[in-house]
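Here is the structure we will look at.
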Amino acid sequence: MKPEFRTCPDSGLVLHRPAENLIKANAIAAVVFLAVGGLLGLLVALTRWPAVQLLDAELFYTVLTGHGIVTLLVWILFFEMALLYFCSSVLLRCRIATPRLGWVAFGLMTVGAAITAVAILQGGSSVMFTSYVPMPAEPHFYLGLILFAVGALIGTFIFFGTLVIAKDEKTYEGSIPLVTFGALTAAIIAVFTIACGAIILIPTFLWSIGYISEIDALMYRLIWWGMGHSSQQINVAAHVAVWYAIAAIVFGAKPMSEKVSRGAFFLYILFISIASAHHLLGDPGLSTEWKIFNTSYAMYLAVLASLVHGLTVPGAIEVAQREKGHNKGLFEWLRKAPWGNPVFSGMFLSLVGFGFIGGISGVVMGAEQINFLIHNTIYVPGHFHGTVALGTTLAFMALSLWLVPVLFRRELIWPKLAMWQPWLFGIGTALQAFFMMGAGTLGVSRRHWDMAFAGSAFEWAYPGMAYTMMALNGVSAIMAVAGGAIFVLVIVGTILFGKKKGAAEYSTRKPAVLTGPAESLTGHGNIGLGIKGFPAPGTFILAMFLLLVFVVYYFINYGYLASVWKFS
Amino acid sequence: MTALQPPSKKIWWKQPVDRVEIVWIGIALVWCLIMFFFMPFWHVYGEQNYSGEAYRVQPERFAEKVNEFVAEHTVRHETDRQIPVVRPPAGSDIYLLARLWDWYPILELEKGETYRLHVSSTDWQHGLSIQPININFQVLPGYEMVLQITPTETGEYAVVCNEYCGIMHHAMLSKLYVVESGRNQGEPSS
């Protein structure tokens, strides 16, 4: 046996060399694409700042297409491949399945992303991330996406294969860790997602080369969103798993209840993907019953799951902090949290931002009738900057600031700068989401070069406040991109110039079997404020506050809807 | 046992769940059910819904219907492009065509009257966005959407395309007029 396993002296993790290399490669590709996507995003925001309007119309639509694909798909999926390999091979102390195929997957994803990038840069494929037919893109635009998706699918099956090997070779006892269970949830959703992508992108590619005469516009939207929306649901499962991981890393926090947390992940598997109907609520050709059932994740059962994680993740932190003695009042546990540690602050800003901004706005605008008020307005990008940028991206950044030093055996470079990173990125993105949602409420369109309608036969002026909000969105984007740039600098700087922590020593020995500690299965005893069964009272108050905001905002929207024209 | 380790023992599902979690799950579930039933409730008691009425249509056939409609009810033309303004009878079937990169024709409707608005596209996908009231629908080629609409305020409205439709997407803007009902006021529109 070759010397292939090492134990990290700092984290105690056991790393399998081929898995480690694959994780490194995918993480580096992810960060490179994040840098590209972030810069494109800055150009978009500066163009939509009416007084600046940086790019001309043609270049704007090209850059916006690139920003969507690079950030929503490429950066995220490369990172998720790294995360899947980490959650299987590293967390289960298991050799990774078919590492060679892992490199094939990595190659396909890289080549595919490059082909699509070239198609976009050539200017003939400015069709946006959604590439709605019958607006045509160049054939290689679709081809690149297909190759990228095939690569991601192979990576997902390597994850499944590694779980099988770990079970078969008994590298762990009992059940897989909760974080791996969350990654498994993400991987299952990923299979559905990529299948939808294949089912629609392959015929669309054949249409673009003239082999198929027509693709139905509604069918395209229905199946495409099975990929476009579900891919963001992979993110939700993945970043919730990352939240649990960081709670464990920073606080040694234990899940309050394995049963509840796993049950919530299971609800994601069953129900989260059908909510791609969110995008079709203003469409002709679908029945009301279909819309209501699907847009509500059956009966909001995936929303229930997110609300559960919203309690159990900070709840686990609260219990851990109280057990350490920060047991005074409702919020001492939170005040005494390590706010200067970017791994924690990034995770917590991601949690709060995802819940209050991305989550609430997403569910409210996914209500069938409220959707008429926001469909295709810039409210929609406002919402998903709250979920994908503030929720997923910030959670992945926070994990990276911990994981990269472990993987590369180097100390994090410029820790003072890194400390500010989550705050700049998190607050900048939160403000962006807020201002875009505000402008969207005032009617401003998404994917629109000029809110003053230059070149039109008519004139129409949005309210002055809408212009102000789009300007403030530009300012906030500068802040967010500064935070993103610091992240890229710190990660690249650490990999290249970070102080070395001694060479990694690989051993031929098989790692010891991973076991859970032999604890008694009692409840949480007497911590908390003395109310029996309420070990996390502060979190409960915060959760109730979230619910209050949620309920009020929901009915404000229906109230406004009741005031507009009647239609049926 | 942290979330990075296997759960303690194999019988983790026997660990008692804290009351805080059970209470929260109960409250959250109630809210989820309220939100679910509110949508059908609004279909019955609310006045802003889309019934889902739609038909498959050949783009050429839809364009023909629009042209007939325009020929019959045009009252004047606007802008140097001579875009027709159409004043259909109150309560009738009215047509709006989306195409690269304009809306055709301009509609002039009466306040408080209910019209059957037929919308479709003859080329790519478009977005029907009526401003400043900000109601928005998707417009698909091959599908004729039928919306019963009742304008409740007079005024000059903008019809914006808010689905990206190519290089001049941002110039795809039109008008919609709502005037006092001839039936109520007994006077012709301006």
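Residues in the structure tokens are named by chain (A, B, ... in the order shown) and by number from 1 within that chain; ligands are numbered from 1 in the order shown.
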**Asked** as number ranges by chain, which residues of stretch 16-175 of chain B does DSSP assign to strand (DSSP E)?
**Response** B: 54-56, 74-78, 83-86, 93-99, 102-104, 106-110, 115-121, 126-131, 135-139, 143-150, 155-161, 173-175
**Request:** Would you list, as a PyMOL selection string, the residues of chain B that end up in alpha helix (DSSP H) under DSSP run on this structure's backbone?
**Result:** chain B and resi 19-45+59-73+182-185
Output C-alpha atoms for every residue in the selection just made, as a PDB file, in the first residue's frame.
```pdb
ATOM      1  CA  ARG B  19     -39.462  20.826  23.648  1.00  0.00           C
ATOM      2  CA  VAL B  20     -38.059  23.996  22.039  1.00  0.00           C
ATOM      3  CA  GLU B  21     -37.709  22.157  18.739  1.00  0.00           C
ATOM      4  CA  ILE B  22     -41.135  20.549  18.907  1.00  0.00           C
ATOM      5  CA  VAL B  23     -42.830  23.862  19.705  1.00  0.00           C
ATOM      6  CA  TRP B  24     -41.009  25.598  16.863  1.00  0.00           C
ATOM      7  CA  ILE B  25     -41.838  22.855  14.356  1.00  0.00           C
ATOM      8  CA  GLY B  26     -45.492  23.119  15.361  1.00  0.00           C
ATOM      9  CA  ILE B  27     -45.603  26.891  14.971  1.00  0.00           C
ATOM     10  CA  ALA B  28     -43.722  26.786  11.657  1.00  0.00           C
ATOM     11  CA  LEU B  29     -45.987  24.050  10.292  1.00  0.00           C
ATOM     12  CA  VAL B  30     -49.081  26.088  11.116  1.00  0.00           C
ATOM     13  CA  TRP B  31     -47.633  29.052   9.230  1.00  0.00           C
ATOM     14  CA  CYS B  32     -46.751  26.825   6.269  1.00  0.00           C
ATOM     15  CA  LEU B  33     -50.319  25.535   6.097  1.00  0.00           C
ATOM     16  CA  ILE B  34     -51.751  29.066   6.354  1.00  0.00           C
ATOM     17  CA  MET B  35     -49.585  30.151   3.414  1.00  0.00           C
ATOM     18  CA  PHE B  36     -50.615  27.099   1.420  1.00  0.00           C
ATOM     19  CA  PHE B  37     -54.352  27.577   1.901  1.00  0.00           C
ATOM     20  CA  PHE B  38     -54.124  31.322   1.363  1.00  0.00           C
ATOM     21  CA  MET B  39     -53.493  30.850  -2.365  1.00  0.00           C
ATOM     22  CA  PRO B  40     -56.753  28.973  -3.126  1.00  0.00           C
ATOM     23  CA  PHE B  41     -58.490  31.310  -0.652  1.00  0.00           C
ATOM     24  CA  TRP B  42     -57.370  34.261  -2.773  1.00  0.00           C
ATOM     25  CA  HIS B  43     -58.685  32.556  -5.890  1.00  0.00           C
ATOM     26  CA  VAL B  44     -62.111  32.533  -4.267  1.00  0.00           C
ATOM     27  CA  TYR B  45     -62.138  35.818  -2.371  1.00  0.00           C
ATOM     28  CA  PRO B  59     -48.019  33.058 -34.308  1.00  0.00           C
ATOM     29  CA  GLU B  60     -49.297  33.969 -37.822  1.00  0.00           C
ATOM     30  CA  ARG B  61     -52.879  33.249 -36.772  1.00  0.00           C
ATOM     31  CA  PHE B  62     -52.518  35.417 -33.679  1.00  0.00           C
ATOM     32  CA  ALA B  63     -51.068  38.264 -35.774  1.00  0.00           C
ATOM     33  CA  GLU B  64     -54.088  38.004 -38.100  1.00  0.00           C
ATOM     34  CA  LYS B  65     -56.493  38.313 -35.177  1.00  0.00           C
ATOM     35  CA  VAL B  66     -54.586  41.343 -33.888  1.00  0.00           C
ATOM     36  CA  ASN B  67     -54.699  42.983 -37.323  1.00  0.00           C
ATOM     37  CA  GLU B  68     -58.453  42.459 -37.603  1.00  0.00           C
ATOM     38  CA  PHE B  69     -58.878  43.917 -34.132  1.00  0.00           C
ATOM     39  CA  VAL B  70     -56.748  46.956 -35.004  1.00  0.00           C
ATOM     40  CA  ALA B  71     -58.539  47.538 -38.337  1.00  0.00           C
ATOM     41  CA  GLU B  72     -61.904  47.528 -36.609  1.00  0.00           C
ATOM     42  CA  HIS B  73     -61.288  49.746 -33.574  1.00  0.00           C
ATOM     43  CA  GLY B 182     -68.393  56.341 -21.646  1.00  0.00           C
ATOM     44  CA  ARG B 183     -71.327  54.492 -20.191  1.00  0.00           C
ATOM     45  CA  ASN B 184     -71.050  56.156 -16.774  1.00  0.00           C
ATOM     46  CA  GLN B 185     -70.093  59.652 -17.835  1.00  0.00           C
TER      47      GLN B 185
END
```
**Complete:** Here atom CA of A:Met347 and atom CA of A:Phe396 stand apart by 8.4 Å
**Request:** Find the residues around stretch 434-436 of chain A up to 10 Å (only C-alpha atoms counted), leave out those fewer than 3 positions away in its own chain, and share them as an MDAnalysis selection string.
**Result:** chainID A and resid 357:358 377:383 385:386 428:431 439:442 444:446 466 468:474 476
**For A:Gly66: contacts at 12 Å, only C-alpha atoms, fewer than 6 positions along chain excluded, given as number ranges by chain** = A: 33-34, 36-44, 59-60, 72-75, 113-114, 116-123, 125-131, 141
**Request:** Write out as a PyMOL selection string which residues come within 10 Å of stretch 239-249 of chain A when counting only C-alpha atoms, dropping same-chain ones fewer than 3 positions away.
**Result:** (chain A and resi 11+80+83+87+177-186+233-236+252-255+261+265+306+309-310+312-318+320+343-344+346-348+350-351+388+391-396+398-399+402) or (chain B and resi 1-5)
Put those residues in a file: C-alpha atoms, as a tab-separated table (two decimals), in the first residue's frame.
```tsv
chain	number	residue	atom	x	y	z
A	11	SER	CA	-7.88	19.73	12.83
A	80	GLU	CA	-19.62	21.83	-4.40
A	83	LEU	CA	-17.32	19.93	-0.75
A	87	CYS	CA	-17.74	15.33	3.09
A	177	PRO	CA	-22.15	12.39	10.21
A	178	LEU	CA	-24.86	15.02	9.87
A	179	VAL	CA	-22.71	17.17	7.58
A	180	THR	CA	-22.18	14.21	5.23
A	181	PHE	CA	-25.92	13.59	5.38
A	182	GLY	CA	-26.48	17.20	4.26
A	183	ALA	CA	-23.98	16.71	1.44
A	184	LEU	CA	-25.83	13.51	0.47
A	185	THR	CA	-29.03	15.55	0.30
A	186	ALA	CA	-27.31	18.05	-1.98
A	233	GLN	CA	-31.55	24.06	-4.04
A	234	ILE	CA	-28.33	22.01	-4.15
A	235	ASN	CA	-26.78	25.15	-2.74
A	236	VAL	CA	-29.29	25.40	0.06
A	252	GLY	CA	-17.65	22.03	18.97
A	253	ALA	CA	-21.42	22.36	18.75
A	254	LYS	CA	-23.50	19.20	18.62
A	255	PRO	CA	-26.75	19.03	16.69
A	261	SER	CA	-31.96	17.93	11.60
A	265	PHE	CA	-32.76	17.43	5.19
A	306	SER	CA	-35.43	25.59	6.30
A	309	HIS	CA	-32.50	24.46	10.30
A	310	GLY	CA	-32.91	28.14	11.10
A	312	THR	CA	-31.34	24.11	15.07
A	313	VAL	CA	-28.12	25.60	13.65
A	314	PRO	CA	-27.95	28.67	15.91
A	315	GLY	CA	-29.62	26.58	18.63
A	316	ALA	CA	-26.72	24.12	18.55
A	317	ILE	CA	-24.31	27.04	18.88
A	318	GLU	CA	-26.32	28.48	21.78
A	320	ALA	CA	-22.57	24.77	23.13
A	343	VAL	CA	-15.07	31.56	9.77
A	344	PHE	CA	-17.77	32.24	12.36
A	346	GLY	CA	-19.13	34.64	7.66
A	347	MET	CA	-21.25	31.66	8.66
A	348	PHE	CA	-23.49	33.69	10.94
A	350	SER	CA	-24.84	33.87	5.86
A	351	LEU	CA	-27.39	32.31	8.22
A	388	VAL	CA	-26.98	32.59	-3.44
A	391	GLY	CA	-26.35	32.62	1.81
A	392	THR	CA	-24.36	30.13	-0.23
A	393	THR	CA	-21.33	32.10	-1.39
A	394	LEU	CA	-20.61	33.64	2.00
A	395	ALA	CA	-20.99	30.24	3.73
A	396	PHE	CA	-18.57	28.70	1.23
A	398	ALA	CA	-16.26	31.10	5.51
A	399	LEU	CA	-15.57	27.39	5.18
A	402	TRP	CA	-10.75	27.36	7.52
B	1	MET	CA	-20.71	13.99	18.79
B	2	THR	CA	-20.47	17.05	16.58
B	3	ALA	CA	-22.00	17.32	13.16
B	4	LEU	CA	-18.65	16.21	11.71
B	5	GLN	CA	-18.75	12.87	13.53
```
**Message:** Taking only C-alpha atoms into account, name the residue in B:Thr114, B:Ser121, B:Thr154, B:Ser8 that is nearest to B:Ile133.
**Reply:** B:Thr154
**Item:** Nearby residues (only C-alpha atoms) at most 7 Å from stretch 362-369 of chain A, same-chain spacing under 6 positions excluded, as a count of residues only
**Value:** 9
**Prompt:** If you count only C-alpha atoms, which residues fall within 8 Å of B:Gly155, apart from same-chain ones fewer than 5 positions away, as a list in words?
**Reply:** Tyr177, Val178 and Val179 of chain B
With N, CA and C atoms retained, export the selected residues as a PDB file, in the first residue's frame.
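Final file, selection-v2.pdb:
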```
ATOM      1  N   TYR B 177     -53.871  53.468 -22.202  1.00  0.00           N
ATOM      2  CA  TYR B 177     -54.664  54.548 -21.624  1.00  0.00           C
ATOM      3  C   TYR B 177     -55.901  53.979 -20.955  1.00  0.00           C
ATOM      4  N   VAL B 178     -56.230  54.540 -19.810  1.00  0.00           N
ATOM      5  CA  VAL B 178     -57.498  54.202 -19.162  1.00  0.00           C
ATOM      6  C   VAL B 178     -58.274  55.505 -18.997  1.00  0.00           C
ATOM      7  N   VAL B 179     -59.487  55.523 -19.580  1.00  0.00           N
ATOM      8  CA  VAL B 179     -60.295  56.751 -19.556  1.00  0.00           C
ATOM      9  C   VAL B 179     -61.588  56.472 -18.792  1.00  0.00           C
TER      10      VAL B 179
END
```
**Item:** Among listed residues A:Tyr560, A:Trp103, A:Trp420, A:Phe458, nearest B:His170 (using only C-alpha atoms)
**Value:**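 Among A:Tyr560, A:Trp103, A:Trp420, A:Phe458, it is A:Phe458 that comes nearest to B:His170.
When only C-alpha atoms are used to compute distances to chain B, the closest of the residues A:Pro342, A:Gly285, A:Gly426, A:Pro18 turns out to be A:Gly285.
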**Asked** For chain B, which residue among A:Ile556, A:Ala454, A:Ala482, A:Ala51 is the nearest when counting only C-alpha atoms?
**Response**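 With only C-alpha atoms as the atom set, the closest residue is A:Ala454.
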**Minimum-distance residue to chain A, chosen among B:Glu47, B:Arg116, B:Asp93, B:His77 (using only C-alpha atoms)** = B:Glu47
